[in-house]
Amino acid sequence: VKTILVTRRLPPSWVVSLEDAGHMVIDGGAEGLGHRQLAALAPEVDAVVSVLTDQVDSDVLEAGAAGRLRVVANIAVGYDNIDIGAAQRLGITVCNTPGVLDGATADIAMFLILACCRLTGDAETALRRGQWHGWDITGFLGRDLEGTRLGLLGLGRIGRAVSRRAEVFGMRVFHHARRPTGTDGYVDSLDELLSVADVLSIHVPLSAQTRGMIAGGELHRMPRGGILVNTARGGIVDEDDLVDALEDGTLAAAGLDVFENEPRPNPRLLGSPHLVLLPHVGSATVETRRRMTELACRGTCEVLAGHRPFNAVV
Ligand code: DGY
């Protein structure tokens, strides 16, 4: 019997496959485990099922490797919370959850694109504050999605799902990725993408290469009055530069589902104009979160059974 630590209590039906496979499951309770507790438990278990707020760093992985830890399965497609280099060095498999949250995340990206194009955040705020003085022919004028150029930074599964949706709205979609994609709309430099992006939507993982990739210089290369949407990871965007760009009109609006410092975003963001903010809910639907959890559990069981699952990243 193998022991699996699920770092926080999850709906039992989502994780039932672990016990069905004959394993013993312990969980981190409703609040989840702190970093010290996780490092203390890691040597006692064969597998950890983590979430993206768990910091699975080299301390945790080394503690686990000193025991019998074989796999960490992150219930997320991103795995920047895990020290992949350490896992590789220690022979611990890491799994993620690709392909099951593309639609939900793309829906939230489209939501933010719509909210920014149509200034719905500003409009709702004015209404709630009693600042709506009646239908106004020149009030809250946004822009049509139809004909607006959308630049996708990254064309993985989520980027493609956004592209499909945006095309239905009549947007003209361009993308840039590290390698040519062979798909219509590919442009081969970030600068070229920025120069055509009325709306820039980010769909790359956070890594040493992408951290801070979108800063003031990049925002200024977009057509003036552009829109930035980020549903990937906060650290890809320089948040102070983003607020400056909103304040000086370089950008007309921005929509963020992710922040450099979660759950306490840069206070300048909270006071910034024309900014629609969501608390990292891209994948937050019942169906999607269930599928993500099931996929992480499946990867865990496969590794414990001696196989290499398709969702192993190292
Ligand atoms: C992920 O999966 O990486 C998202 O950020 C959480 O849904």
# chains A, B, ... in the order shown; residues from 1 in each chain; ligands from 1
call {"tool": "select_by_dssp", "arguments": {"residues": "stretch 143-295 of chain A", "states": "alpha helix (DSSP H)", "output": "PyMOL selection string"}}
result
chain A and resi 157-168+190-196+216-221+239-247+267-270+286-295
call {"tool": "residues_near_ligand", "arguments": {"ligand": "ligand 1", "cutoff": "10 Å", "atoms": "only C-alpha atoms and all ligand atoms", "output": "number ranges by chain"}}
result
A: 51-53, 74-81, 96-102, 104-105, 205-206, 231-234, 257-258, 280-285, 288-289, 292
call {"tool": "write_last_selection", "arguments": {"atoms": "N, CA and C atoms", "output": "compact mmCIF listing (two decimals), in the first residue's frame"}}
result
# COMPACT_ATOMS: atom_id res chain seq x y z
N VAL A 51 -1.44 21.62 -5.19
CA VAL A 51 -2.11 22.68 -5.96
C VAL A 51 -1.10 23.80 -6.19
N LEU A 52 -1.48 24.78 -7.01
CA LEU A 52 -0.45 25.73 -7.44
C LEU A 52 0.00 26.69 -6.35
N THR A 53 -0.74 26.74 -5.23
CA THR A 53 -0.29 27.59 -4.13
C THR A 53 0.70 26.87 -3.21
N ASN A 74 0.69 18.01 -9.80
CA ASN A 74 0.16 19.34 -9.54
C ASN A 74 -1.20 19.46 -10.22
N ILE A 75 -2.21 19.88 -9.47
CA ILE A 75 -3.55 20.04 -10.07
C ILE A 75 -3.59 21.40 -10.77
N ALA A 76 -2.85 21.51 -11.83
CA ALA A 76 -2.75 22.75 -12.63
C ALA A 76 -1.96 22.39 -13.87
N VAL A 77 -2.16 23.17 -14.92
CA VAL A 77 -1.32 22.94 -16.09
C VAL A 77 0.03 23.62 -15.90
N GLY A 78 0.03 24.76 -15.18
CA GLY A 78 1.30 25.43 -14.87
C GLY A 78 1.98 24.72 -13.71
N TYR A 79 3.30 24.74 -13.71
CA TYR A 79 4.01 24.07 -12.59
C TYR A 79 5.21 24.90 -12.14
N ASP A 80 5.06 26.22 -12.24
CA ASP A 80 6.13 27.11 -11.79
C ASP A 80 6.26 27.14 -10.27
N ASN A 81 5.31 26.52 -9.56
CA ASN A 81 5.42 26.40 -8.10
C ASN A 81 6.29 25.21 -7.69
N ASN A 96 1.37 17.29 -14.49
CA ASN A 96 0.47 18.45 -14.51
C ASN A 96 -0.85 18.03 -15.14
N THR A 97 -1.68 19.00 -15.50
CA THR A 97 -3.02 18.65 -16.00
C THR A 97 -3.32 19.33 -17.34
N PRO A 98 -2.59 18.95 -18.39
CA PRO A 98 -2.83 19.60 -19.69
C PRO A 98 -4.13 19.14 -20.34
N GLY A 99 -4.73 20.05 -21.09
CA GLY A 99 -5.84 19.65 -21.98
C GLY A 99 -7.21 19.59 -21.36
N VAL A 100 -7.32 19.78 -20.05
CA VAL A 100 -8.65 19.67 -19.44
C VAL A 100 -9.20 21.01 -18.96
N LEU A 101 -8.40 22.06 -19.07
CA LEU A 101 -8.87 23.37 -18.59
C LEU A 101 -8.80 24.45 -19.67
N ASP A 102 -8.56 24.00 -20.91
CA ASP A 102 -8.38 24.98 -21.99
C ASP A 102 -9.64 25.82 -22.20
N ALA A 104 -12.28 26.37 -20.19
CA ALA A 104 -12.64 27.25 -19.07
C ALA A 104 -11.72 28.46 -19.02
N THR A 105 -10.42 28.24 -19.24
CA THR A 105 -9.48 29.36 -19.16
C THR A 105 -9.67 30.30 -20.34
N PRO A 205 3.72 29.87 -20.45
CA PRO A 205 3.98 29.56 -19.03
C PRO A 205 4.98 30.55 -18.43
N LEU A 206 5.01 30.63 -17.12
CA LEU A 206 6.03 31.45 -16.45
C LEU A 206 7.31 30.64 -16.36
N THR A 231 -4.19 35.82 -18.45
CA THR A 231 -4.79 34.70 -17.71
C THR A 231 -3.74 33.62 -17.48
N ALA A 232 -2.45 33.96 -17.69
CA ALA A 232 -1.39 32.93 -17.60
C ALA A 232 -0.75 32.96 -16.22
N ARG A 233 0.27 33.80 -16.04
CA ARG A 233 0.88 33.98 -14.72
C ARG A 233 1.26 35.44 -14.56
N GLY A 234 1.06 35.97 -13.36
CA GLY A 234 1.28 37.38 -13.11
C GLY A 234 2.70 37.83 -13.42
N ASP A 257 -6.32 38.06 -14.54
CA ASP A 257 -6.82 36.97 -13.69
C ASP A 257 -5.70 36.46 -12.79
N VAL A 258 -4.49 36.94 -13.00
CA VAL A 258 -3.31 36.42 -12.30
C VAL A 258 -2.40 37.57 -11.89
N HIS A 280 -7.76 34.83 -9.97
CA HIS A 280 -7.22 33.58 -10.54
C HIS A 280 -8.30 32.49 -10.62
N VAL A 281 -9.32 32.78 -11.43
CA VAL A 281 -10.45 31.85 -11.56
C VAL A 281 -10.52 31.22 -12.95
N GLY A 282 -9.45 31.30 -13.72
CA GLY A 282 -9.48 30.79 -15.10
C GLY A 282 -10.06 29.40 -15.23
N SER A 283 -9.66 28.51 -14.36
CA SER A 283 -10.14 27.12 -14.48
C SER A 283 -11.27 26.79 -13.51
N ALA A 284 -11.84 27.82 -12.88
CA ALA A 284 -12.78 27.57 -11.78
C ALA A 284 -14.19 27.25 -12.25
N THR A 285 -14.37 26.06 -12.83
CA THR A 285 -15.73 25.54 -13.01
C THR A 285 -15.72 24.16 -12.36
N THR A 288 -14.38 21.48 -14.73
CA THR A 288 -12.96 21.59 -15.03
C THR A 288 -12.10 21.20 -13.83
N ARG A 289 -12.45 21.73 -12.67
CA ARG A 289 -11.63 21.40 -11.50
C ARG A 289 -11.70 19.90 -11.19
N MET A 292 -9.40 18.24 -13.71
CA MET A 292 -7.99 18.50 -13.37
C MET A 292 -7.55 17.57 -12.23
call {"tool": "residues_around", "arguments": {"residues": "stretch 7-9 of chain A", "least_positions_apart": "4", "cutoff": "12 Å", "atoms": "only C-alpha atoms", "output": "VMD selection string"}}
result
chain A and resid 13 to 15 25 to 35 37 to 39 41 to 42 45 47 to 56 72 to 75 293
call {"tool": "select_by_dssp", "arguments": {"residues": "stretch 196-313 of chain A", "states": "strand (DSSP E or B)", "output": "ChimeraX atom specification"}}
result
/A:199-202,214,226-230,237,251-256,275-277,312
call {"tool": "atom_distance", "arguments": {"atom1": "atom CA of A:Leu152", "atom2": "atom CA of A:Thr210"}}
result
14.2 Å
call {"tool": "closest_residue", "arguments": {"among": "A:Gly159, A:Gly91, A:Gly139, A:Pro309", "to": "A:Asn230", "atoms": "only C-alpha atoms"}}
result
A:Gly159
call {"tool": "closest_residue", "arguments": {"among": "A:Gly226, A:Pro180, A:Gly185, A:Gly217", "to": "A:Val199", "atoms": "only C-alpha atoms"}}
result
A:Gly226
call {"tool": "atom_distance", "arguments": {"atom1": "atom CA of A:His274", "atom2": "atom CA of A:Ser163"}}
result
23.8 Å
call {"tool": "closest_residue", "arguments": {"among": "A:Val314, A:Cys116, A:Val286, A:Ala215", "to": "A:Ile84", "atoms": "only C-alpha atoms"}}
result
A:Val314
call {"tool": "residues_around", "arguments": {"residues": "A:Ile227", "least_positions_apart": "6", "cutoff": "9 Å", "atoms": "only C-alpha atoms", "output": "PyMOL selection string"}}
result
chain A and resi 113+116-117+197-201+251-255
call {"tool": "closest_residue", "arguments": {"among": "A:Val60, A:Ala21, A:Cys95, A:Leu90", "to": "A:Arg36", "atoms": "only C-alpha atoms"}}
result
A:Val60
call {"tool": "residues_around", "arguments": {"residues": "A:Leu275", "least_positions_apart": "3", "cutoff": "9 Å", "atoms": "only C-alpha atoms", "output": "PyMOL selection string"}}
result
chain A and resi 116+119+121-122+243+246+253-256+269-272
call {"tool": "write_last_selection", "arguments": {"atoms": "N, CA and C atoms", "output": "compact mmCIF listing (two decimals), in the first residue's frame"}}
result
# COMPACT_ATOMS: atom_id res chain seq x y z
N CYS A 116 -12.91 44.41 -21.25
CA CYS A 116 -12.01 45.54 -21.56
C CYS A 116 -12.47 46.31 -22.79
N LEU A 119 -15.57 48.23 -21.72
CA LEU A 119 -15.44 49.04 -20.49
C LEU A 119 -16.47 48.66 -19.43
N GLY A 121 -16.18 47.09 -16.63
CA GLY A 121 -15.75 47.30 -15.25
C GLY A 121 -16.02 48.74 -14.82
N ASP A 122 -15.61 49.68 -15.66
CA ASP A 122 -15.84 51.10 -15.34
C ASP A 122 -17.34 51.40 -15.29
N VAL A 243 0.48 49.60 -14.74
CA VAL A 243 -0.30 50.69 -14.14
C VAL A 243 0.09 52.02 -14.78
N LEU A 246 -1.60 52.32 -18.06
CA LEU A 246 -3.04 52.63 -17.96
C LEU A 246 -3.23 54.08 -17.56
N ALA A 253 -7.20 49.79 -21.48
CA ALA A 253 -7.77 48.93 -20.44
C ALA A 253 -6.91 47.67 -20.31
N ALA A 254 -7.10 46.99 -19.20
CA ALA A 254 -6.43 45.69 -19.03
C ALA A 254 -7.32 44.79 -18.18
N GLY A 255 -7.13 43.50 -18.37
CA GLY A 255 -7.88 42.50 -17.60
C GLY A 255 -6.91 41.47 -17.08
N LEU A 256 -6.91 41.28 -15.77
CA LEU A 256 -5.96 40.35 -15.16
C LEU A 256 -6.69 39.31 -14.32
N LEU A 269 -2.34 48.18 -8.49
CA LEU A 269 -3.32 47.60 -9.42
C LEU A 269 -4.73 47.83 -8.92
N LEU A 270 -4.89 47.72 -7.59
CA LEU A 270 -6.25 47.81 -7.05
C LEU A 270 -6.84 49.21 -7.24
N GLY A 271 -5.98 50.21 -7.32
CA GLY A 271 -6.48 51.58 -7.49
C GLY A 271 -6.43 52.07 -8.92
N SER A 272 -6.02 51.20 -9.84
CA SER A 272 -5.77 51.67 -11.20
C SER A 272 -7.07 51.79 -12.02
call {"tool": "decode", "arguments": {"residues": "stretch 303-314 of chain A", "atoms": "all heavy atoms", "output": "compact mmCIF listing (two decimals), in the first residue's frame"}}
result
# COMPACT_ATOMS: atom_id res chain seq x y z
N VAL A 303 2.30 6.50 -12.05
CA VAL A 303 3.71 6.51 -11.61
C VAL A 303 3.90 5.46 -10.51
O VAL A 303 4.86 4.68 -10.53
CB VAL A 303 4.14 7.91 -11.11
CG1 VAL A 303 5.56 7.84 -10.53
CG2 VAL A 303 4.07 8.93 -12.24
N LEU A 304 2.96 5.40 -9.57
CA LEU A 304 3.11 4.43 -8.47
C LEU A 304 3.03 2.99 -8.98
O LEU A 304 3.57 2.08 -8.36
CB LEU A 304 2.06 4.69 -7.38
CG LEU A 304 2.23 6.04 -6.64
CD1 LEU A 304 1.14 6.20 -5.58
CD2 LEU A 304 3.62 6.17 -6.01
N ALA A 305 2.36 2.83 -10.14
CA ALA A 305 2.29 1.48 -10.74
C ALA A 305 3.49 1.20 -11.64
O ALA A 305 3.54 0.17 -12.33
CB ALA A 305 0.98 1.34 -11.53
N GLY A 306 4.42 2.14 -11.70
CA GLY A 306 5.65 1.90 -12.48
C GLY A 306 5.58 2.35 -13.91
O GLY A 306 6.45 2.02 -14.71
N HIS A 307 4.55 3.15 -14.26
CA HIS A 307 4.44 3.62 -15.64
C HIS A 307 4.80 5.11 -15.73
O HIS A 307 4.85 5.79 -14.71
CB HIS A 307 3.01 3.42 -16.16
CG HIS A 307 2.54 2.02 -16.00
ND1 HIS A 307 3.19 0.96 -16.59
CD2 HIS A 307 1.51 1.50 -15.29
CE1 HIS A 307 2.56 -0.17 -16.26
NE2 HIS A 307 1.54 0.13 -15.46
N ARG A 308 4.99 5.56 -16.96
CA ARG A 308 5.22 6.98 -17.17
C ARG A 308 3.98 7.57 -17.84
O ARG A 308 3.70 7.31 -19.01
CB ARG A 308 6.47 7.20 -18.04
CG ARG A 308 6.78 8.66 -18.19
CD ARG A 308 8.13 8.96 -18.78
NE ARG A 308 8.23 10.38 -19.04
CZ ARG A 308 8.55 11.29 -18.13
NH1 ARG A 308 8.82 10.93 -16.89
NH2 ARG A 308 8.60 12.57 -18.44
N PRO A 309 3.21 8.38 -17.11
CA PRO A 309 1.96 8.92 -17.68
C PRO A 309 2.24 9.98 -18.73
O PRO A 309 3.30 10.59 -18.75
CB PRO A 309 1.26 9.53 -16.48
CG PRO A 309 2.31 9.77 -15.46
CD PRO A 309 3.43 8.81 -15.73
N PHE A 310 1.24 10.21 -19.61
CA PHE A 310 1.45 11.19 -20.68
C PHE A 310 1.61 12.60 -20.09
O PHE A 310 2.20 13.46 -20.71
CB PHE A 310 0.28 11.15 -21.68
CG PHE A 310 -0.88 12.03 -21.29
CD1 PHE A 310 -0.97 13.34 -21.76
CD2 PHE A 310 -1.88 11.56 -20.42
CE1 PHE A 310 -2.03 14.16 -21.38
CE2 PHE A 310 -2.93 12.37 -20.04
CZ PHE A 310 -3.00 13.67 -20.51
N ASN A 311 1.08 12.81 -18.89
CA ASN A 311 1.14 14.15 -18.30
C ASN A 311 2.32 14.32 -17.34
O ASN A 311 2.31 15.20 -16.50
CB ASN A 311 -0.17 14.51 -17.60
CG ASN A 311 -0.61 13.52 -16.54
OD1 ASN A 311 -0.33 12.33 -16.64
ND2 ASN A 311 -1.29 13.97 -15.51
N ALA A 312 3.35 13.48 -17.50
CA ALA A 312 4.58 13.69 -16.74
C ALA A 312 5.40 14.78 -17.43
O ALA A 312 5.61 14.72 -18.64
CB ALA A 312 5.39 12.40 -16.68
N VAL A 313 5.83 15.78 -16.68
CA VAL A 313 6.64 16.84 -17.30
C VAL A 313 8.14 16.61 -17.06
O VAL A 313 8.97 17.07 -17.85
CB VAL A 313 6.21 18.26 -16.86
CG1 VAL A 313 4.82 18.58 -17.38
CG2 VAL A 313 6.26 18.45 -15.36
N VAL A 314 8.48 15.94 -15.98
CA VAL A 314 9.85 15.43 -15.83
C VAL A 314 9.76 14.07 -15.14
O VAL A 314 8.79 13.76 -14.48
CB VAL A 314 10.80 16.32 -14.96
CG1 VAL A 314 11.11 17.60 -15.69
CG2 VAL A 314 10.29 16.55 -13.57
